[in-house]
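*Asks:* So I've got this file, work-v4.cif, and it contains mmCIF, C-alpha atoms and all ligand atoms:
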data_upload
#
loop_
_atom_site.group_PDB
_atom_site.id
_atom_site.type_symbol
_atom_site.label_atom_id
_atom_site.label_comp_id
_atom_site.auth_asym_id
_atom_site.auth_seq_id
_atom_site.Cartn_x
_atom_site.Cartn_y
_atom_site.Cartn_z
ATOM 1 C CA MET A 192 18.459 -2.248 -11.166
ATOM 2 C CA PRO A 193 15.329 -0.327 -12.162
ATOM 3 C CA ARG A 194 12.512 -0.615 -9.658
ATOM 4 C CA LYS A 195 9.508 -2.550 -10.969
ATOM 5 C CA PRO A 196 6.317 -0.527 -10.488
ATOM 6 C CA ILE A 197 3.666 -1.938 -8.188
ATOM 7 C CA LEU A 198 -0.031 -1.103 -8.126
ATOM 8 C CA ALA A 199 -2.080 -2.068 -5.073
ATOM 9 C CA ALA A 200 -5.861 -1.984 -4.713
ATOM 10 C CA ASN A 201 -7.192 -1.127 -1.273
ATOM 11 C CA TRP A 202 -10.811 -2.233 -1.273
ATOM 12 C CA LYS A 203 -11.275 -0.880 2.273
ATOM 13 C CA MET A 204 -14.569 -1.979 3.867
ATOM 14 C CA ASN A 205 -16.193 -2.821 0.528
ATOM 15 C CA LEU A 206 -16.932 -6.000 -1.436
ATOM 16 C CA GLY A 207 -16.757 -8.027 1.777
ATOM 17 C CA ARG A 208 -19.280 -10.729 0.856
ATOM 18 C CA ASP A 209 -18.105 -13.665 -1.221
ATOM 19 C CA GLU A 210 -20.658 -13.268 -3.993
ATOM 20 C CA GLU A 211 -19.958 -9.587 -4.636
ATOM 21 C CA ALA A 212 -16.183 -9.921 -4.294
ATOM 22 C CA ILE A 213 -16.081 -12.909 -6.644
ATOM 23 C CA ALA A 214 -18.372 -11.249 -9.186
ATOM 24 C CA PHE A 215 -16.158 -8.164 -9.205
ATOM 25 C CA LEU A 216 -12.960 -10.160 -9.452
ATOM 26 C CA ARG A 217 -14.338 -12.129 -12.403
ATOM 27 C CA LYS A 218 -14.830 -8.816 -14.226
ATOM 28 C CA ILE A 219 -11.257 -7.647 -13.748
ATOM 29 C CA ARG A 220 -9.150 -10.782 -13.377
ATOM 30 C CA ARG A 221 -8.333 -11.567 -16.977
ATOM 31 C CA GLY A 222 -7.649 -7.942 -17.903
ATOM 32 C CA LEU A 223 -5.355 -7.462 -14.937
ATOM 33 C CA ASN A 224 -3.550 -10.717 -15.518
ATOM 34 C CA GLU A 225 -2.637 -9.666 -19.053
ATOM 35 C CA ILE A 226 -0.829 -6.527 -17.922
ATOM 36 C CA GLU A 227 2.935 -6.774 -17.984
ATOM 37 C CA GLY A 228 5.691 -4.753 -16.430
ATOM 38 C CA LEU A 229 3.760 -4.074 -13.244
ATOM 39 C CA ASP A 230 3.261 -5.984 -9.994
ATOM 40 C CA LEU A 231 -0.402 -6.077 -8.988
ATOM 41 C CA VAL A 232 -1.832 -6.613 -5.513
ATOM 42 C CA LEU A 233 -5.468 -6.792 -4.424
ATOM 43 C CA CYS A 234 -6.217 -6.038 -0.768
ATOM 44 C CA PRO A 235 -9.825 -7.048 -0.052
ATOM 45 C CA PRO A 236 -11.472 -7.289 3.391
ATOM 46 C CA PHE A 237 -10.466 -10.233 5.605
ATOM 47 C CA THR A 238 -13.826 -11.936 5.102
ATOM 48 C CA VAL A 239 -13.168 -12.660 1.438
ATOM 49 C CA LEU A 240 -9.435 -13.393 1.489
ATOM 50 C CA TYR A 241 -9.978 -17.142 1.123
ATOM 51 C CA ALA A 242 -12.443 -16.788 -1.720
ATOM 52 C CA ILE A 243 -10.199 -14.337 -3.573
ATOM 53 C CA ALA A 244 -7.071 -16.405 -2.946
ATOM 54 C CA ALA A 245 -8.754 -19.376 -4.615
ATOM 55 C CA LEU A 246 -9.514 -17.300 -7.719
ATOM 56 C CA LEU A 247 -6.060 -15.749 -7.952
ATOM 57 C CA GLY A 248 -4.308 -19.113 -7.755
ATOM 58 C CA ARG A 249 -2.989 -19.341 -11.295
ATOM 59 C CA THR A 250 -2.698 -15.633 -12.020
ATOM 60 C CA ARG A 251 0.172 -13.197 -11.551
ATOM 61 C CA ILE A 252 -2.003 -11.090 -9.249
ATOM 62 C CA ALA A 253 -0.922 -11.088 -5.593
ATOM 63 C CA LEU A 254 -3.108 -10.880 -2.517
ATOM 64 C CA GLY A 255 -2.792 -8.560 0.459
ATOM 65 C CA ALA A 256 -4.625 -7.848 3.698
ATOM 66 C CA GLN A 257 -5.474 -4.373 4.964
ATOM 67 C CA ASP A 258 -3.962 -4.668 8.440
ATOM 68 C CA ALA A 259 -2.574 -7.196 10.919
ATOM 69 C CA HIS A 260 -1.741 -7.423 14.607
ATOM 70 C CA TRP A 261 1.878 -7.890 15.659
ATOM 71 C CA GLU A 262 1.317 -10.687 18.194
ATOM 72 C CA PRO A 263 1.281 -14.149 16.620
ATOM 73 C CA GLY A 264 -1.770 -15.182 18.630
ATOM 74 C CA GLY A 265 -3.427 -14.996 22.028
ATOM 75 C CA ALA A 266 -6.024 -12.944 23.856
ATOM 76 C CA HIS A 267 -6.657 -10.199 21.282
ATOM 77 C CA THR A 268 -10.335 -10.422 20.517
ATOM 78 C CA GLY A 269 -11.150 -9.474 16.968
ATOM 79 C CA GLU A 270 -7.556 -9.122 15.831
ATOM 80 C CA ILE A 271 -5.848 -11.019 13.008
ATOM 81 C CA SER A 272 -2.111 -11.739 13.187
ATOM 82 C CA THR A 273 0.557 -11.656 10.515
ATOM 83 C CA ALA A 274 1.114 -15.327 11.350
ATOM 84 C CA MET A 275 -2.502 -16.105 10.412
ATOM 85 C CA LEU A 276 -2.170 -14.240 7.127
ATOM 86 C CA ALA A 277 1.190 -15.622 6.113
ATOM 87 C CA ARG A 278 -0.011 -18.612 4.129
ATOM 88 C CA LEU A 279 -2.908 -16.775 2.566
ATOM 89 C CA CYS A 280 -1.410 -13.442 1.469
ATOM 90 C CA GLN A 281 1.856 -12.048 0.204
ATOM 91 C CA TYR A 282 1.306 -8.427 1.271
ATOM 92 C CA VAL A 283 -0.236 -6.483 4.125
ATOM 93 C CA ILE A 284 -1.092 -2.783 4.278
ATOM 94 C CA LEU A 285 0.197 -1.314 7.549
ATOM 95 C CA GLY A 286 -0.222 2.110 9.117
ATOM 96 C CA HIS A 287 -3.029 3.305 6.858
ATOM 97 C CA SER A 288 -4.064 6.799 7.905
ATOM 98 C CA GLU A 289 -7.706 5.785 8.268
ATOM 99 C CA ARG A 290 -6.488 3.517 11.076
ATOM 100 C CA ARG A 291 -3.797 5.815 12.488
ATOM 101 C CA ALA A 292 -6.429 8.532 12.880
ATOM 102 C CA THR A 293 -8.806 6.524 15.027
ATOM 103 C CA ARG A 294 -6.755 3.956 16.969
ATOM 104 C CA SER A 295 -4.073 5.713 18.930
ATOM 105 C CA GLU A 296 -2.622 2.671 20.719
ATOM 106 C CA LEU A 297 -2.917 0.029 18.027
ATOM 107 C CA GLU A 298 -1.665 2.401 15.330
ATOM 108 C CA SER A 299 0.991 4.394 17.185
ATOM 109 C CA ASP A 300 4.427 4.616 15.578
ATOM 110 C CA PRO A 301 5.822 1.898 17.900
ATOM 111 C CA ALA A 302 2.826 -0.354 17.193
ATOM 112 C CA ILE A 303 3.285 0.062 13.445
ATOM 113 C CA ASN A 304 6.974 -0.759 13.885
ATOM 114 C CA ARG A 305 6.020 -4.014 15.647
ATOM 115 C CA LYS A 306 3.573 -4.826 12.849
ATOM 116 C CA VAL A 307 6.248 -4.238 10.199
ATOM 117 C CA GLN A 308 8.669 -6.511 12.043
ATOM 118 C CA ALA A 309 6.013 -9.188 12.546
ATOM 119 C CA ALA A 310 4.981 -9.061 8.887
ATOM 120 C CA LEU A 311 8.571 -9.359 7.656
ATOM 121 C CA GLY A 312 9.189 -12.145 10.148
ATOM 122 C CA HIS A 313 6.340 -14.119 8.618
ATOM 123 C CA GLY A 314 7.426 -13.532 5.049
ATOM 124 C CA LEU A 315 4.784 -10.916 4.257
ATOM 125 C CA THR A 316 5.651 -7.746 2.378
ATOM 126 C CA PRO A 317 4.415 -4.662 4.229
ATOM 127 C CA ILE A 318 2.835 -1.837 2.266
ATOM 128 C CA LEU A 319 3.705 0.808 4.805
ATOM 129 C CA CYS A 320 1.621 3.985 4.610
ATOM 130 C CA VAL A 321 2.933 7.382 5.647
ATOM 131 C CA GLY A 322 1.614 10.882 5.089
ATOM 132 C CA GLU A 323 0.863 14.268 6.576
ATOM 133 C CA ASN A 324 -2.536 15.798 7.282
ATOM 134 C CA LEU A 325 -3.761 19.125 5.903
ATOM 135 C CA GLU A 326 -2.784 21.139 8.948
ATOM 136 C CA GLN A 327 0.729 19.713 8.946
ATOM 137 C CA ASN A 328 0.977 20.296 5.219
ATOM 138 C CA ARG A 329 -0.083 23.937 5.555
ATOM 139 C CA ALA A 330 2.351 24.447 8.411
ATOM 140 C CA GLY A 331 5.202 23.257 6.191
ATOM 141 C CA ARG A 332 5.762 20.134 8.322
ATOM 142 C CA THR A 333 5.379 17.520 5.575
ATOM 143 C CA ASP A 334 9.024 16.472 5.509
ATOM 144 C CA GLU A 335 9.269 16.234 9.286
ATOM 145 C CA ILE A 336 6.076 14.151 9.600
ATOM 146 C CA VAL A 337 6.734 11.834 6.663
ATOM 147 C CA SER A 338 10.399 11.180 7.387
ATOM 148 C CA GLY A 339 9.581 10.725 11.084
ATOM 149 C CA GLN A 340 6.939 8.102 10.260
ATOM 150 C CA VAL A 341 9.319 6.237 7.949
ATOM 151 C CA LYS A 342 12.085 6.165 10.548
ATOM 152 C CA ALA A 343 9.762 5.110 13.375
ATOM 153 C CA ALA A 344 8.132 2.334 11.367
ATOM 154 C CA LEU A 345 11.471 0.881 10.288
ATOM 155 C CA ALA A 346 13.340 1.171 13.590
ATOM 156 C CA GLY A 347 15.399 -1.977 14.100
ATOM 157 C CA VAL A 348 14.543 -3.374 10.648
ATOM 158 C CA ALA A 349 17.651 -4.702 8.877
ATOM 159 C CA PRO A 350 18.577 -3.219 5.460
ATOM 160 C CA LYS A 351 17.835 -6.426 3.539
ATOM 161 C CA GLN A 352 14.402 -6.599 5.170
ATOM 162 C CA ALA A 353 13.743 -2.915 4.531
ATOM 163 C CA GLU A 354 14.450 -3.434 0.838
ATOM 164 C CA ARG A 355 11.526 -5.859 0.714
ATOM 165 C CA CYS A 356 9.070 -3.287 2.034
ATOM 166 C CA ILE A 357 6.797 -1.198 -0.160
ATOM 167 C CA LEU A 358 6.232 2.325 1.114
ATOM 168 C CA ALA A 359 3.185 4.351 0.205
ATOM 169 C CA TYR A 360 3.215 8.131 0.491
ATOM 170 C CA GLU A 361 -0.408 9.040 1.099
ATOM 171 C CA PRO A 362 -1.057 12.663 2.039
ATOM 172 C CA ILE A 363 -4.125 12.348 4.266
ATOM 173 C CA TRP A 364 -5.847 15.355 2.689
ATOM 174 C CA ALA A 365 -5.751 13.582 -0.672
ATOM 175 C CA ILE A 366 -7.343 10.306 0.438
ATOM 176 C CA GLY A 367 -10.900 9.858 -0.749
ATOM 177 C CA THR A 368 -11.283 13.582 -1.403
ATOM 178 C CA GLY A 369 -10.871 13.717 -5.165
ATOM 179 C CA GLU A 370 -8.001 16.141 -4.569
ATOM 180 C CA ALA A 371 -4.864 14.259 -5.440
ATOM 181 C CA ALA A 372 -1.441 15.732 -4.832
ATOM 182 C CA THR A 373 0.216 16.952 -7.997
ATOM 183 C CA PRO A 374 2.598 14.401 -9.500
ATOM 184 C CA ALA A 375 5.431 16.887 -8.991
ATOM 185 C CA ASP A 376 4.631 17.271 -5.283
ATOM 186 C CA ALA A 377 4.325 13.508 -4.792
ATOM 187 C CA ASN A 378 7.654 13.095 -6.560
ATOM 188 C CA ARG A 379 9.295 15.739 -4.389
ATOM 189 C CA VAL A 380 8.033 14.341 -1.056
ATOM 190 C CA ILE A 381 8.907 10.776 -1.998
ATOM 191 C CA GLY A 382 12.402 11.795 -3.078
ATOM 192 C CA LEU A 383 13.101 14.182 -0.237
ATOM 193 C CA SER A 384 11.243 12.762 2.746
ATOM 194 C CA VAL A 385 10.694 9.057 2.076
ATOM 195 C CA ARG A 386 13.950 8.223 0.301
ATOM 196 C CA GLY A 387 15.736 10.825 2.406
ATOM 197 C CA ALA A 388 14.705 8.990 5.585
ATOM 198 C CA LEU A 389 15.635 5.638 4.033
ATOM 199 C CA ALA A 390 19.049 7.017 3.092
ATOM 200 C CA GLU A 391 19.599 8.238 6.640
ATOM 201 C CA LEU A 392 18.664 4.837 8.024
ATOM 202 C CA TYR A 393 20.352 2.576 5.501
ATOM 203 C CA GLY A 394 22.391 4.583 3.000
ATOM 204 C CA GLU A 395 21.768 5.548 -0.620
ATOM 205 C CA ASP A 396 21.735 2.074 -2.159
ATOM 206 C CA THR A 397 18.847 0.875 -0.022
ATOM 207 C CA ALA A 398 17.020 4.178 -0.434
ATOM 208 C CA LEU A 399 17.192 3.724 -4.196
ATOM 209 C CA ALA A 400 16.140 0.070 -4.069
ATOM 210 C CA VAL A 401 12.891 0.464 -2.094
ATOM 211 C CA ARG A 402 9.703 0.865 -4.081
ATOM 212 C CA VAL A 403 7.559 3.831 -3.075
ATOM 213 C CA GLN A 404 3.975 4.307 -4.191
ATOM 214 C CA TYR A 405 1.800 7.400 -4.221
ATOM 215 C CA GLY A 406 -1.735 7.124 -2.827
ATOM 216 C CA GLY A 407 -4.670 9.533 -2.559
ATOM 217 C CA SER A 408 -7.431 10.036 -5.140
ATOM 218 C CA VAL A 409 -5.590 8.170 -7.873
ATOM 219 C CA THR A 410 -7.786 7.754 -10.962
ATOM 220 C CA VAL A 411 -7.578 6.382 -14.467
ATOM 221 C CA GLU A 412 -7.091 9.994 -15.617
ATOM 222 C CA ASN A 413 -4.291 11.030 -13.284
ATOM 223 C CA ILE A 414 -2.299 7.788 -12.984
ATOM 224 C CA PRO A 415 -0.110 8.458 -16.067
ATOM 225 C CA GLY A 416 1.116 11.694 -14.495
ATOM 226 C CA PHE A 417 2.217 9.920 -11.330
ATOM 227 C CA MET A 418 3.823 7.048 -13.198
ATOM 228 C CA ALA A 419 5.835 9.518 -15.271
ATOM 229 C CA MET A 420 7.618 10.713 -12.133
ATOM 230 C CA PRO A 421 11.025 9.149 -11.508
ATOM 231 C CA GLU A 422 10.562 8.707 -7.737
ATOM 232 C CA VAL A 423 7.049 7.218 -7.960
ATOM 233 C CA ASP A 424 7.017 3.439 -8.328
ATOM 234 C CA GLY A 425 3.292 2.881 -8.556
ATOM 235 C CA ALA A 426 0.161 3.651 -6.579
ATOM 236 C CA LEU A 427 -2.044 2.536 -3.731
ATOM 237 C CA VAL A 428 -5.556 2.988 -5.048
ATOM 238 C CA GLY A 429 -8.719 3.120 -2.931
ATOM 239 C CA GLY A 430 -11.990 4.289 -4.454
ATOM 240 C CA ALA A 431 -10.946 3.726 -8.067
ATOM 241 C CA SER A 432 -9.907 0.141 -7.318
ATOM 242 C CA ILE A 433 -13.439 -1.151 -6.784
ATOM 243 C CA ARG A 434 -14.696 -0.030 -10.164
ATOM 244 C CA PRO A 435 -14.492 -2.221 -13.261
ATOM 245 C CA ASP A 436 -12.327 0.389 -14.979
ATOM 246 C CA PHE A 437 -9.571 -0.419 -12.492
ATOM 247 C CA VAL A 438 -8.259 -2.562 -15.343
ATOM 248 C CA ASP A 439 -7.954 0.594 -17.478
ATOM 249 C CA LEU A 440 -6.178 2.323 -14.614
ATOM 250 C CA ALA A 441 -3.709 -0.543 -14.313
ATOM 251 C CA ARG A 442 -3.184 -0.591 -18.097
ATOM 252 C CA ALA A 443 -2.568 3.144 -18.112
ATOM 253 C CA ALA A 444 -0.069 2.727 -15.263
ATOM 254 C CA ALA A 445 1.853 0.055 -17.159
ATOM 255 C CA ALA A 446 1.707 1.989 -20.439
ATOM 256 C CA ALA A 447 3.113 5.095 -18.793
ATOM 257 C CA ARG A 448 6.225 3.111 -17.879
ATOM 258 C CA SER A 449 6.760 1.080 -21.028
HETATM 259 P P1 LIG B 501 -8.405 6.794 -2.436
HETATM 260 O O1 LIG B 501 -7.758 5.969 -1.194
HETATM 261 O O2 LIG B 501 -7.749 6.286 -3.676
HETATM 262 O O3 LIG B 501 -9.876 6.474 -2.366
HETATM 263 O O4 LIG B 501 -8.114 8.233 -2.178
HETATM 264 C C1 LIG B 501 -6.393 5.668 -1.172
HETATM 265 C C2 LIG B 501 -6.078 4.914 0.089
HETATM 266 O O5 LIG B 501 -6.704 5.178 1.119
HETATM 267 O O6 LIG B 501 -5.205 4.026 0.103
#
If you convert what's in this file into structure tokens, what do you get?

*Replies:*
Amino acid sequence: MPRKPILAANWKMNLGRDEEAIAFLRKIRRGLNEIEGLDLVLCPPFTVLYAIAALLGRTRIALGAQDAHWEPGGAHTGEISTAMLARLCQYVILGHSERRATRSELESDPAINRKVQAALGHGLTPILCVGENLEQNRAGRTDEIVSGQVKAALAGVAPKQAERCILAYEPIWAIGTGEAATPADANRVIGLSVRGALAELYGEDTALAVRVQYGGSVTVENIPGFMAMPEVDGALVGGASIRPDFVDLARAAAAARS
């Protein structure tokens, strides 16, 4: 079965007030909803999830959160659980490098593993981010870092559950820098390190079934190059996802595959 491409928009800490989020969504909703052959997910800040969910109701556009805690509830001031998100969203970004970099305990490999398990347990689809930093890249450690993150995040996750996950290869040096990886490099790391780790954990069939995105300075100009790569099943888009021409980006992504 060919893997259906999936494009996810990570709004990060932007468009977090109802009026601005709704105004932006009204600009892009119809255009996005008309695009075929591509799954689409918007991941706005927590504060506008309800407002956005109401506007996405009758569209084919799915909703995701940008993080979640693994505990279902309790004394975790300021945290939001996968259980709380389950009825509101279909997806949740987990292990984003902007969080891994600054929250050692809450974003350690074991913590991310617990989040993945909690998300799957509540019927959410994780968008699991992995990627090496510049120093690791220069030291030739990309495969070791990326495959290690994949294996740690999926420890104890059953094959059928793993197949539901979306993985996102996001080299940290490419995020928000305007310096995307080359499509060929993204293709190579996803094939070798991401699918390689999946194959070690679950065997070839599962490795070939899981959808893997590229993320890091994806733009309307460079998306066709990534989509043309056989290992790349879509993109996780940050900065370019909060501009009205995100619709053009999504169209270009779908066109590159049709
Ligand atoms: P960027 O962010 O597209 O702005 O580089 C990607 C991400 O952080 O997911």

*Asks:* Report the residues retrieved by the PyMOL selection byres (((not hetatm)) within 10 of (chain B and resi 501)) from the displayed file, expressed as a PyMOL selection string.

*Replies:* chain A and resi 199-203+257+284+287-289+320+359-371+405-410+426-433

*Asks:* If you count all atoms listed in the file, which residues fall within 10 Å of region 291-293 of chain A, apart from same-chain ones fewer than 5 positions away, as a list of chain:residue names?

*Replies:*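 Near region 291-293 of chain A, the qualifying residues are A:Leu285, A:Gly286, A:Glu298, A:Ser299, A:Asp300, A:Ile303, A:Cys320, A:Val321, A:Asn324, A:Ile363.
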
*Asks:* Just give me the gap between CA of Gly255 (chain A) and CA of Leu206 (chain A) in Å, one decimal is fine.

*Replies:*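 So the answer is 14.5 Å.
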
*Asks:* Between A:Ala244, A:Leu392, A:Leu311, A:Leu383, which is the closest to Arg355 (chain A) once you count all atoms listed in the file?

*Replies:* A:Leu311

*Asks:* Can you tell me, as AutoDock Vina command-line options, the centre and edge lengths (Å, one decimal) of the axis-aligned box enclosing all of region 220-238 of chain A's listed atoms after padding each side by 8 Å?

*Replies:*
--center_x -4.1 --center_y -8.0 --center_z -6.7 --size_x 35.5 --size_y 23.9 --size_z 40.7

*Asks:* Around the point (7.6, 17.2, 8.2) in the file's coordinates, collect all residues with an atom within 12 Å, using only C-alpha atoms, and return them as an MDAnalysis selection string.

*Replies:* chainID A and resid 321:341 362 380 383:385 387:388

*Asks:* One decimal, in Å: what's the spacing between CA of Thr316 (chain A) and CA of Met418 (chain A)?

*Replies:*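 CA of Met418 (chain A) lies at a distance of 21.6 Å from CA of Thr316 (chain A).
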
*Asks:* Name the residues in contact with Ala302 (chain A) at a cut-off of 8 Å, using all atoms listed in the file, excluding same-chain residues fewer than 5 positions from it; report them as a PyMOL selection string.

*Replies:* chain A and resi 261+296-297

*Asks:* Counting all atoms listed in the file, figure out which residue out of A:Gly228, A:Pro374, A:Gly314, A:Pro193 gets nearest to Ala444 (chain A).

*Replies:*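 Looking only at the distances to Ala444 (chain A), the closest residue turns out to be A:Gly228.
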